[in-house]
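Q: Below is a structure I'd like to ask you about.
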Amino acid sequence: MQALWLEDKTLTLRDDVPVPSVPRGSALIQVLLAGICSTDLELVKGYYPYRGVPGHEFVGKVVKAPGRPSWMGQRVVGEINIACGMCQACRTGLRTHCEQRAVLGIVNHDGAFAEYVTLPLKNLHRVPRSIPDEAAVFTEPLAAALQIGHQVQLRPTDRVLIVGAGRLGQLVAQVLALTGCELQIVARHETQRALLGGRNITPTTEDAVPCQKMDVVVEATGSPRGFSLALQAVRPRGKIVLKSTYRGGVEVNFSPIVVNEITLVGSRCGPFASALRLLAGGVVDPTPLIVSRYPLSKALSAFEHASRPGVLKVLLEPTSLLE
Ligand SMILES: [Zn+2]
Ligand SMILES: [Zn+2]
């Protein structure tokens with residue numbers, strides 16, 4: 001099959017990648033649409049030494065499900081952590097922290113920038129008919145945005161700042177706006193600001209970020225610079241939620257964290273069912289984030305496009321009629 005291949009920090013388009021074999025309890029999924037996210041761009045830079053097919057945001061159609069015919073033809077999205085089900089983390093309900101986990105398109109499991117992908121059935125969620133593919137493909141990052149609500153209590157009276165109005169920051173903004181909090185977001189690019197209108201979200205700039213005023217700050221820039229801005233903005237006893245993963249370390253002066261008694265919260269994958277409810281109800285609409293769609297055969301151009309500053313969501317269409 002055709003697939004994008006990552007090896008030694010180099011992407012190549014291949015036509016000779018075998019269609020994955022489907023163990024019992026898993027499904028073979030034909031990828032309808034897949035989204036390029038910052039994690040994919042960081043993977044290419046060497047954030048994690050992955051070799052294989054990247055891609056973890058997708059919507060697809062089940063074309064094989066050995067022994068489970070009811071799944072056939074279902075339109076699905078998939079949770080990305082493939083857990084062993086037996087380790088201490090799995091047994092205590094922390095499947096996303098499974099000690100032996102593989103992660104779709106990131107760790108030890110070929111991803112969705114391909115014609116087909118395989119996942120365990122228990123990772124899959126059926127997509128309601130009311131959600132078009134273009135919205136369903138955002139389920140994974142939207143779930144990641146919703147994870148913040150699992151970890152930090154947001155009061156309607158809180159002052160909240162999101163640092164970064166990129167792919168993830170935009171979804172975080174739409175989700176946090178639902179709490180009624182006083183919400184500001186640092187947006188560098190005019191295209192990012194334009195999408196924030198009409199949702200009770202106030203765009204701001206790096207220079208206008210207040211000092212020690214915010215109850216909660218979400219760092220979603222995907223760059224080390226975002227952290228120092230977050231630290232500047234958070235009030236004493238406030239919380240910083242970290243959503244970015246990137247290659248390399250960050251130099252941090254811990255003194256203000258100690259002196260101001262700041263809580264740091266790392267935040268990753270979140271609840272798919274909740275994300276699908278928000279999409280089905282139209283409460284969150286991620287589709288304005290889409291800037292372009294490319295057939296899989298043009299995946300290298302798609303990556304180049306996605307890596308330009310300020311560009312939001314670029315989609316890949318593996319079985320496009322455009323090909
Ligand atoms: Zn992602
Ligand atoms: Zn496990």
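Within each chain, counting starts at residue 1; across the structure tokens, chains are named A, B, ... in the order shown, with ligands numbered 1 upward in that order.
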I want to know what sits within 10 Å of Leu168 in chain A, based on only C-alpha atoms, with residues of the same chain fewer than 6 positions away left out; could you give that as a ChimeraX atom specification?

A: /A:37-38,138,141-142,144-145,220-222,243-244,312-313

Q: Could you tell me, counting only C-alpha atoms and all ligand atoms, which protein and nucleic acid residues lie no more than 12 Å from ligand 2, written as number ranges by chain?

A: A: 81-102

Q: Residues within 12 Å of Arg155 in chain A, please, as a list in words. Count only C-alpha atoms; anything in the same chain fewer than 2 positions from it doesn't count.

A: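 In the requested format, the answer is Gly149, Val152, Gln153, Thr157, Asp158, Arg159, Val160, Leu176, Ala177, Leu178, Thr179, Gly180, Cys181, Glu182, Leu183, Asp215 and Val216 of chain A.
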
Q: Any chance you could export the current selection's N, CA, C and O atoms as a PDB file, in the first residue's frame?

A:
ATOM      1  N   GLY A 149      -9.883  19.616  31.493  1.00  0.00           N
ATOM      2  CA  GLY A 149     -10.996  19.645  32.433  1.00  0.00           C
ATOM      3  C   GLY A 149     -10.995  18.481  33.404  1.00  0.00           C
ATOM      4  O   GLY A 149     -11.572  18.549  34.490  1.00  0.00           O
ATOM      5  N   VAL A 152      -7.809  19.882  35.961  1.00  0.00           N
ATOM      6  CA  VAL A 152      -7.812  21.172  36.644  1.00  0.00           C
ATOM      7  C   VAL A 152      -9.243  21.676  36.734  1.00  0.00           C
ATOM      8  O   VAL A 152      -9.963  21.688  35.729  1.00  0.00           O
ATOM      9  N   GLN A 153      -9.656  22.067  37.924  1.00  0.00           N
ATOM     10  CA  GLN A 153     -10.990  22.649  38.061  1.00  0.00           C
ATOM     11  C   GLN A 153     -10.977  24.082  37.525  1.00  0.00           C
ATOM     12  O   GLN A 153     -10.154  24.894  37.937  1.00  0.00           O
ATOM     13  N   THR A 157     -15.547  31.972  37.151  1.00  0.00           N
ATOM     14  CA  THR A 157     -14.982  33.285  37.483  1.00  0.00           C
ATOM     15  C   THR A 157     -13.476  33.352  37.252  1.00  0.00           C
ATOM     16  O   THR A 157     -12.864  34.396  37.449  1.00  0.00           O
ATOM     17  N   ASP A 158     -12.857  32.236  36.846  1.00  0.00           N
ATOM     18  CA  ASP A 158     -11.396  32.209  36.675  1.00  0.00           C
ATOM     19  C   ASP A 158     -10.938  33.073  35.509  1.00  0.00           C
ATOM     20  O   ASP A 158     -11.629  33.185  34.492  1.00  0.00           O
ATOM     21  N   ARG A 159      -9.746  33.633  35.678  1.00  0.00           N
ATOM     22  CA  ARG A 159      -9.062  34.268  34.546  1.00  0.00           C
ATOM     23  C   ARG A 159      -8.100  33.240  33.971  1.00  0.00           C
ATOM     24  O   ARG A 159      -7.220  32.737  34.675  1.00  0.00           O
ATOM     25  N   VAL A 160      -8.292  32.946  32.702  1.00  0.00           N
ATOM     26  CA  VAL A 160      -7.527  31.865  32.071  1.00  0.00           C
ATOM     27  C   VAL A 160      -6.813  32.392  30.831  1.00  0.00           C
ATOM     28  O   VAL A 160      -7.386  33.165  30.060  1.00  0.00           O
ATOM     29  N   LEU A 176     -12.445  25.500  26.504  1.00  0.00           N
ATOM     30  CA  LEU A 176     -12.425  26.242  27.766  1.00  0.00           C
ATOM     31  C   LEU A 176     -13.447  27.376  27.761  1.00  0.00           C
ATOM     32  O   LEU A 176     -13.960  27.762  28.814  1.00  0.00           O
ATOM     33  N   ALA A 177     -13.766  27.898  26.577  1.00  0.00           N
ATOM     34  CA  ALA A 177     -14.771  28.961  26.494  1.00  0.00           C
ATOM     35  C   ALA A 177     -16.125  28.471  27.019  1.00  0.00           C
ATOM     36  O   ALA A 177     -16.930  29.256  27.521  1.00  0.00           O
ATOM     37  N   LEU A 178     -16.361  27.150  26.931  1.00  0.00           N
ATOM     38  CA  LEU A 178     -17.634  26.592  27.379  1.00  0.00           C
ATOM     39  C   LEU A 178     -17.818  26.701  28.887  1.00  0.00           C
ATOM     40  O   LEU A 178     -18.934  26.581  29.389  1.00  0.00           O
ATOM     41  N   THR A 179     -16.719  26.918  29.630  1.00  0.00           N
ATOM     42  CA  THR A 179     -16.832  26.997  31.094  1.00  0.00           C
ATOM     43  C   THR A 179     -17.306  28.376  31.548  1.00  0.00           C
ATOM     44  O   THR A 179     -17.604  28.560  32.721  1.00  0.00           O
ATOM     45  N   GLY A 180     -17.329  29.341  30.640  1.00  0.00           N
ATOM     46  CA  GLY A 180     -17.731  30.688  31.021  1.00  0.00           C
ATOM     47  C   GLY A 180     -16.627  31.510  31.651  1.00  0.00           C
ATOM     48  O   GLY A 180     -16.848  32.640  32.086  1.00  0.00           O
ATOM     49  N   CYS A 181     -15.416  30.950  31.711  1.00  0.00           N
ATOM     50  CA  CYS A 181     -14.304  31.679  32.331  1.00  0.00           C
ATOM     51  C   CYS A 181     -13.911  32.893  31.479  1.00  0.00           C
ATOM     52  O   CYS A 181     -14.329  33.016  30.330  1.00  0.00           O
ATOM     53  N   GLU A 182     -13.118  33.780  32.091  1.00  0.00           N
ATOM     54  CA  GLU A 182     -12.618  34.954  31.358  1.00  0.00           C
ATOM     55  C   GLU A 182     -11.373  34.510  30.598  1.00  0.00           C
ATOM     56  O   GLU A 182     -10.324  34.284  31.191  1.00  0.00           O
ATOM     57  N   LEU A 183     -11.509  34.376  29.289  1.00  0.00           N
ATOM     58  CA  LEU A 183     -10.499  33.652  28.519  1.00  0.00           C
ATOM     59  C   LEU A 183      -9.741  34.542  27.546  1.00  0.00           C
ATOM     60  O   LEU A 183     -10.331  35.219  26.716  1.00  0.00           O
ATOM     61  N   ASP A 215      -5.348  32.828  36.828  1.00  0.00           N
ATOM     62  CA  ASP A 215      -5.573  31.683  37.717  1.00  0.00           C
ATOM     63  C   ASP A 215      -5.025  30.401  37.101  1.00  0.00           C
ATOM     64  O   ASP A 215      -4.433  29.576  37.780  1.00  0.00           O
ATOM     65  N   VAL A 216      -5.262  30.255  35.808  1.00  0.00           N
ATOM     66  CA  VAL A 216      -4.795  29.064  35.090  1.00  0.00           C
ATOM     67  C   VAL A 216      -4.196  29.513  33.762  1.00  0.00           C
ATOM     68  O   VAL A 216      -4.767  30.364  33.075  1.00  0.00           O
TER      69      VAL A 216
END

Q: Let me see if you get this right: every residue at most 8 Å from ligand 1, counting only C-alpha atoms and all ligand atoms, written as a list in words.

A: Gly35, Ile36, Cys37, Ser38, Thr39, Asp40, Gly55, His56, Glu57, Glu140 and Pro141 of chain A

Q: Write out as a compact mmCIF listing (two decimals) with N, CA and C atoms, in the first residue's frame each polymer residue whose atoms come within 12 Å of Val252 in chain A, counting only C-alpha atoms; drop sequence neighbours fewer than 5 positions from it.

A:
# COMPACT_ATOMS: atom_id res chain seq x y z
N PRO A 224 9.65 26.05 23.60
CA PRO A 224 10.09 26.36 24.97
C PRO A 224 9.73 27.78 25.40
N ARG A 225 9.69 28.69 24.46
CA ARG A 225 9.39 30.09 24.76
C ARG A 225 8.04 30.25 25.47
N GLY A 226 7.10 29.38 25.12
CA GLY A 226 5.77 29.45 25.71
C GLY A 226 5.78 29.28 27.21
N PHE A 227 6.70 28.47 27.72
CA PHE A 227 6.71 28.20 29.15
C PHE A 227 7.07 29.44 29.96
N SER A 228 8.06 30.18 29.52
CA SER A 228 8.43 31.37 30.29
C SER A 228 7.31 32.41 30.28
N LEU A 229 6.57 32.47 29.17
CA LEU A 229 5.42 33.38 29.11
C LEU A 229 4.33 32.93 30.09
N ALA A 230 4.12 31.62 30.15
CA ALA A 230 3.12 31.08 31.07
C ALA A 230 3.50 31.39 32.51
N LEU A 231 4.77 31.23 32.81
CA LEU A 231 5.26 31.46 34.17
C LEU A 231 5.11 32.94 34.55
N ILE A 257 8.60 29.37 40.61
CA ILE A 257 7.62 28.29 40.81
C ILE A 257 7.52 27.96 42.30
N VAL A 258 8.69 27.97 42.98
CA VAL A 258 8.71 27.68 44.41
C VAL A 258 8.13 28.86 45.20

Q: Give me, please, the distance in Å between CA of Lys64 in chain A and CA of Asp133 in chain A, quoted to one decimal.

A: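 Rounded to one decimal, the two atoms are 19.7 Å apart.
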
Q: Can you pull out every residue from range 179-305 of chain A that DSSP, working from the backbone, puts in strand (DSSP E or B), and format the result as a PyMOL selection string?

A: chain A and resi 182-186+201-204+214-219+234-242+263-266+290-295

Q: Restricting it to C-alpha atoms, dump the selection as a PDB file, in the first residue's frame.

A:
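Result file result_15.pdb:
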ATOM      1  CA  GLU A 182     -12.618  34.954  31.358  1.00  0.00           C
ATOM      2  CA  LEU A 183     -10.499  33.652  28.519  1.00  0.00           C
ATOM      3  CA  GLN A 184      -7.547  35.218  26.733  1.00  0.00           C
ATOM      4  CA  ILE A 185      -5.264  33.606  24.181  1.00  0.00           C
ATOM      5  CA  VAL A 186      -1.873  34.660  22.876  1.00  0.00           C
ATOM      6  CA  ILE A 201     -12.296  34.393  23.523  1.00  0.00           C
ATOM      7  CA  THR A 202     -10.092  37.479  23.634  1.00  0.00           C
ATOM      8  CA  PRO A 203      -6.961  37.377  21.475  1.00  0.00           C
ATOM      9  CA  THR A 204      -3.901  39.050  22.946  1.00  0.00           C
ATOM     10  CA  MET A 214      -3.989  34.456  35.650  1.00  0.00           C
ATOM     11  CA  ASP A 215      -5.573  31.683  37.717  1.00  0.00           C
ATOM     12  CA  VAL A 216      -4.795  29.064  35.090  1.00  0.00           C
ATOM     13  CA  VAL A 217      -2.434  29.209  32.113  1.00  0.00           C
ATOM     14  CA  VAL A 218      -2.406  26.569  29.380  1.00  0.00           C
ATOM     15  CA  GLU A 219       0.860  26.314  27.456  1.00  0.00           C
ATOM     16  CA  VAL A 234       0.274  32.863  36.279  1.00  0.00           C
ATOM     17  CA  ARG A 235      -0.730  34.264  39.652  1.00  0.00           C
ATOM     18  CA  PRO A 236       0.710  33.009  42.960  1.00  0.00           C
ATOM     19  CA  ARG A 237      -0.845  29.576  43.782  1.00  0.00           C
ATOM     20  CA  GLY A 238      -2.054  29.403  40.179  1.00  0.00           C
ATOM     21  CA  LYS A 239      -1.737  26.473  37.793  1.00  0.00           C
ATOM     22  CA  ILE A 240       0.118  25.946  34.532  1.00  0.00           C
ATOM     23  CA  VAL A 241      -1.121  23.159  32.260  1.00  0.00           C
ATOM     24  CA  LEU A 242       1.524  21.900  29.825  1.00  0.00           C
ATOM     25  CA  THR A 263       1.273  23.946  40.318  1.00  0.00           C
ATOM     26  CA  LEU A 264       2.531  22.424  37.054  1.00  0.00           C
ATOM     27  CA  VAL A 265       0.233  19.904  35.370  1.00  0.00           C
ATOM     28  CA  GLY A 266       1.356  17.759  32.438  1.00  0.00           C
ATOM     29  CA  ILE A 290      -8.530  23.274   7.973  1.00  0.00           C
ATOM     30  CA  VAL A 291      -6.287  25.174   5.563  1.00  0.00           C
ATOM     31  CA  SER A 292      -5.689  22.494   2.974  1.00  0.00           C
ATOM     32  CA  ARG A 293      -6.231  18.868   1.943  1.00  0.00           C
ATOM     33  CA  TYR A 294      -3.655  16.843   0.037  1.00  0.00           C
ATOM     34  CA  PRO A 295      -3.856  13.377  -1.474  1.00  0.00           C
TER      35      PRO A 295
END
